[in-house]
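**Q** Sharing a structure, written as structure tokens. Questions coming.
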Amino acid sequence: MAEKITIPIGPQHPSLKEPACFTITMEGEKVVNAVVGLGYNHRGLEKACESRTYIQDLYIIERVCGICSHAHSTAFCQSLEYLAGVEIPQRAAFIRTLVAELERLHSHLLWLGVGAHEIGFDTLFMYTWRDREKVLDLLATLCGNRVNYGINTPGGCRRDLNDEEIAMIRKAMNELEEQVKYYTELALNDTILAARLSGIGKLSHDDALRLGAVGPVSRASGVPDDVRAIDPYAAYGIVPFKVITDDHCDVFGRAVVRVLEMQESIKMIRFCLDNLPSGEIAAKFPRRIPAGEVFTRVEAPRGEDTHYVRSNGTDKPDRVRVRAATEANWHAVRHMIEGDMLADVPIIIAAIDPCYSCTDRSFVVKDPLTGKDKQMDWGALRQYGIDWYRKERGVDPSRIPLPGKRFY
Amino acid sequence: MDINSTLIAVFLFPGLLFLCAYATTLEFVDRHVYARLQNRQGPPWYQPIADFLKLMGKEVIIPAGADKTMYKLLPLVSFAAVATAFLCVPVFGPAVKAFNGDLIVVLYLLTIPTACFYLAGWYSTSIYATIGSVRALTQLFSYEVPLFMALLAPAMLAGSWSITEISAYYTANPLYVLFNLPALVVALLAVQGKLERVPFDLPEAETELAGGTFVEYSGRYYAMFRMTVDCELVVLSALIAAIFVPLSFDIWWMEVLCFFISTLLIVFVLTFIRATMPRVRIDQMVRFCWIYLTPLAMAQIILNLFLRGVVG
């Protein structure tokens, strides 16, 4: 029996792009325990949203994440549109879809590079990031910005596409298709890459459901969890695409899912360009939003991104809750790390495509009656909900059976 | 050899000064080719020298828990071992100190830096460095055996333990080198492990161990270690060139040209390996070395013993 040693990965570590602390306990090189420590990046953005108007909030929401900013602003705009009862024009829906798929393309290329760098394959890193520049250039031309695109606005989009830009996207897609095919070939057939990625970070189909993994992580475990297909938004009900799943259940599967999704994205971008409807790009949107609450979800490149907005009839929201995809995947990380080697830890963490600053939130749980700090366990929380509904709404939800499995 | 020419040979040419100059050149070639393979511009020719000088001027921070004497001594010992080994390797003709058995001496001198890396990691008492140093030692046990066998097999065919004599033998019988091709492959792969480069850079493993064995090293001591690794590259490429490249000329400039071309080719191959592979895991590294490299080197030895019997 080897002696146990504890090694911190983070808060400052070359394999982490943002601060987080993974305390790894090892026997030899084998990880026996992993503790995920978060909270170095808390920015208070939900509270910031509550003290600003909806239009000002859009700028904050756009900056939740540097990579999937479009997914966040789409979710937020959708929430507001639902609350205000505004329907966006078809052309706007197509432009949103187009930008979302361009974003997915650049995010997955970025991930491929980061993943390659984690396993010391810097050549692939340089290649993918070179190709990612093409997508960023397209986004800069379309939206005016490389990362925080700012194309969404409540009620539609802020910029239209012209023929010149469409031709430019088509040309870039032809070039990228070649490269993505090459990466697919590499991911599927390179023996050393496969040997390095196979069998590590195992997450079985049942565990993926139990731990609530989302996005490419759950799809690589054979769960067809894709909001674009389950709950279509923007133009996803019209644009045909295939939900990529894989049954490798490991880091290799996650890489395969991502490269194949890039191919799908290119097809979807072409479809959007071919079938772009004419007309307005934005509907008129009121400044004040009627009272109500809404919960929306969109498929960010990293997985399901959910937003909750509660309005109170003024021009400022009462509550905004953002749950980025990474937050749903943290629970699976610990499960995936344990039992693997130290050498696999960086790539397993990278394989969920983590985005720490999008995720960090702080909560203070207070008893509404006494004002004191209070924590509840799961059962007590359920009982609290049942009591609240019985008292406030006159319904008894206690007889609703708890679902054994989510959705499926 | 009088005292003056000995001093020149040891300190100027082909000793210390030439070694360091060629080491920085090879590092530049390595980095530039690596960058070009990755579709990048690559550094200018003086970058390794600039890096070295900059590191020399940086502050040295010795960890509180580290053994100060060992911390300062180990870079010097490892550098001295590599510089000594270089004197036994033929550069532009026979080596400075050629004697029967110098091949074995060179191989053992080249093991000293790895042992120093292990001790350096161990004595700097950082957890990352400790894990890195244990990996360095594990790796040593994996690649050292195939490397030794791959370099000794041609010696067996030549019937000599002197690098200069082996070189002379293959120059006389250039076609025999073709029999040694499996050994060349084994040697090139094992050297990649010895120099701790991708795919076998586990002791350093930047993204896992934040720099591994050298994580606590800074300033001129780190510069010394960097120079040691670069010099090791020169010694090993010169050694492989002497043993596996059967070219030797009477005209001095042809000899010089041949040395540069063969060592640069070897470095190019090593860089190519580095650029096209991801880092492997330690268990994969050990398995690869013992399942593929060692039996291949063993087969080479048996083949060469058999050939030795045939050709006499």
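Labels used: A, B, ... for chains in the order of the structure tokens, numbers from 1 for residues in each chain, and numbers from 1 for ligands as shown.
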List the neighbours of region 3-18 of chain A out to 8 Å using only C-alpha atoms; skip same-chain residues closer than 5 positions along the sequence, and give me the result as an NGL selection string.
**A** (:A and (23-28 or 40 or 118 or 346 or 355-357)) or (:B and (127-128 or 206-208 or 210))
**Q** Give the alpha helix (DSSP H) residues of region 72-191 of chain A, as DSSP finds them on the backbone, and put them as a ChimeraX atom specification.
**A** /A:72-84,90-118,122-143,163-189,191
**Q** When you get a sec, could you note down which chain B residues fall within 6 Å of chain A, using only C-alpha atoms, as a VMD selection string?
**A** chain B and resid 38 207 210 275 277 to 279
**Q** Can you spit out the residues from that selection as an mmCIF file, in the first residue's frame, using N, CA and C atoms?
**A**
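The new file result.cif reads:
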data_model
loop_
_atom_site.group_PDB
_atom_site.id
_atom_site.type_symbol
_atom_site.label_atom_id
_atom_site.label_comp_id
_atom_site.auth_asym_id
_atom_site.auth_seq_id
_atom_site.Cartn_x
_atom_site.Cartn_y
_atom_site.Cartn_z
ATOM 1 N N GLN B 38 4.523 23.666 -36.729
ATOM 2 C CA GLN B 38 3.246 24.065 -36.136
ATOM 3 C C GLN B 38 2.659 25.279 -36.820
ATOM 4 N N THR B 207 1.601 20.744 -18.037
ATOM 5 C CA THR B 207 0.193 20.879 -17.692
ATOM 6 C C THR B 207 -0.224 19.983 -16.530
ATOM 7 N N ALA B 210 3.339 21.325 -13.590
ATOM 8 C CA ALA B 210 3.785 22.722 -13.587
ATOM 9 C C ALA B 210 5.293 22.851 -13.766
ATOM 10 N N ALA B 275 6.936 16.956 -32.435
ATOM 11 C CA ALA B 275 5.824 17.772 -32.930
ATOM 12 C C ALA B 275 4.598 16.947 -33.281
ATOM 13 N N MET B 277 3.390 14.079 -31.761
ATOM 14 C CA MET B 277 2.810 13.152 -30.786
ATOM 15 C C MET B 277 2.361 13.872 -29.529
ATOM 16 N N PRO B 278 1.301 13.355 -28.894
ATOM 17 C CA PRO B 278 0.959 13.852 -27.563
ATOM 18 C C PRO B 278 1.808 13.148 -26.500
ATOM 19 N N ARG B 279 1.816 13.679 -25.303
ATOM 20 C CA ARG B 279 2.555 13.065 -24.201
ATOM 21 C C ARG B 279 1.839 11.786 -23.762
#
**Q** Which residues come within 9 Å of Val134 (chain B), counting only C-alpha atoms, excluding same-chain residues fewer than 5 positions away, as a list in words?
**A** Tyr118, Gly121, Trp122, Ala129, Gln139, Pro203 and Thr213 of chain B
**Q** Name the closest residue to Leu137 (chain B) among the candidates B:Trp161, B:Tyr222, B:Phe117, B:Phe259; distances are taken between atoms, counting only C-alpha atoms.
**A**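 Among B:Trp161, B:Tyr222, B:Phe117, B:Phe259, it is B:Phe117 that comes nearest to Leu137 (chain B).
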**Q** With a distance cut-off of 9 Å and only C-alpha atoms, select the neighbouring residues of Phe92 (chain B), excluding the residue or stretch itself and same-chain residues fewer than 4 positions from it, and output the selection as a PyMOL selection string.
**A** chain B and resi 14+248+252-253+255-259
**Q** Counting only C-alpha atoms, what is within 8 Å of Phe271 (chain A), bar same-chain residues fewer than 4 positions away, as a list in words?
**A** Val239, Lys267 and Asn275 of chain A
**Q** What gap, in Å, lies between CA of His106 (chain A) and CA of Asp160 (chain A)?
**A**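 Pair CA of His106 (chain A) / CA of Asp160 (chain A) returns 20.9 Å.
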**Q** What lies within 9 Å of Phe241 (chain A) using only C-alpha atoms, ignoring chain neighbours under 2 positions off, as a PyMOL selection string?
**A** chain A and resi 229+236+239+243+264-265+267-268
**Q** I'd like the contact shell of region 153-157 of chain A - 6 Å cut-off, only C-alpha atoms, skipping same-chain residues fewer than 5 positions apart - returned as number ranges by chain.
**A** A: 77, 88, 92, 281-283, 285
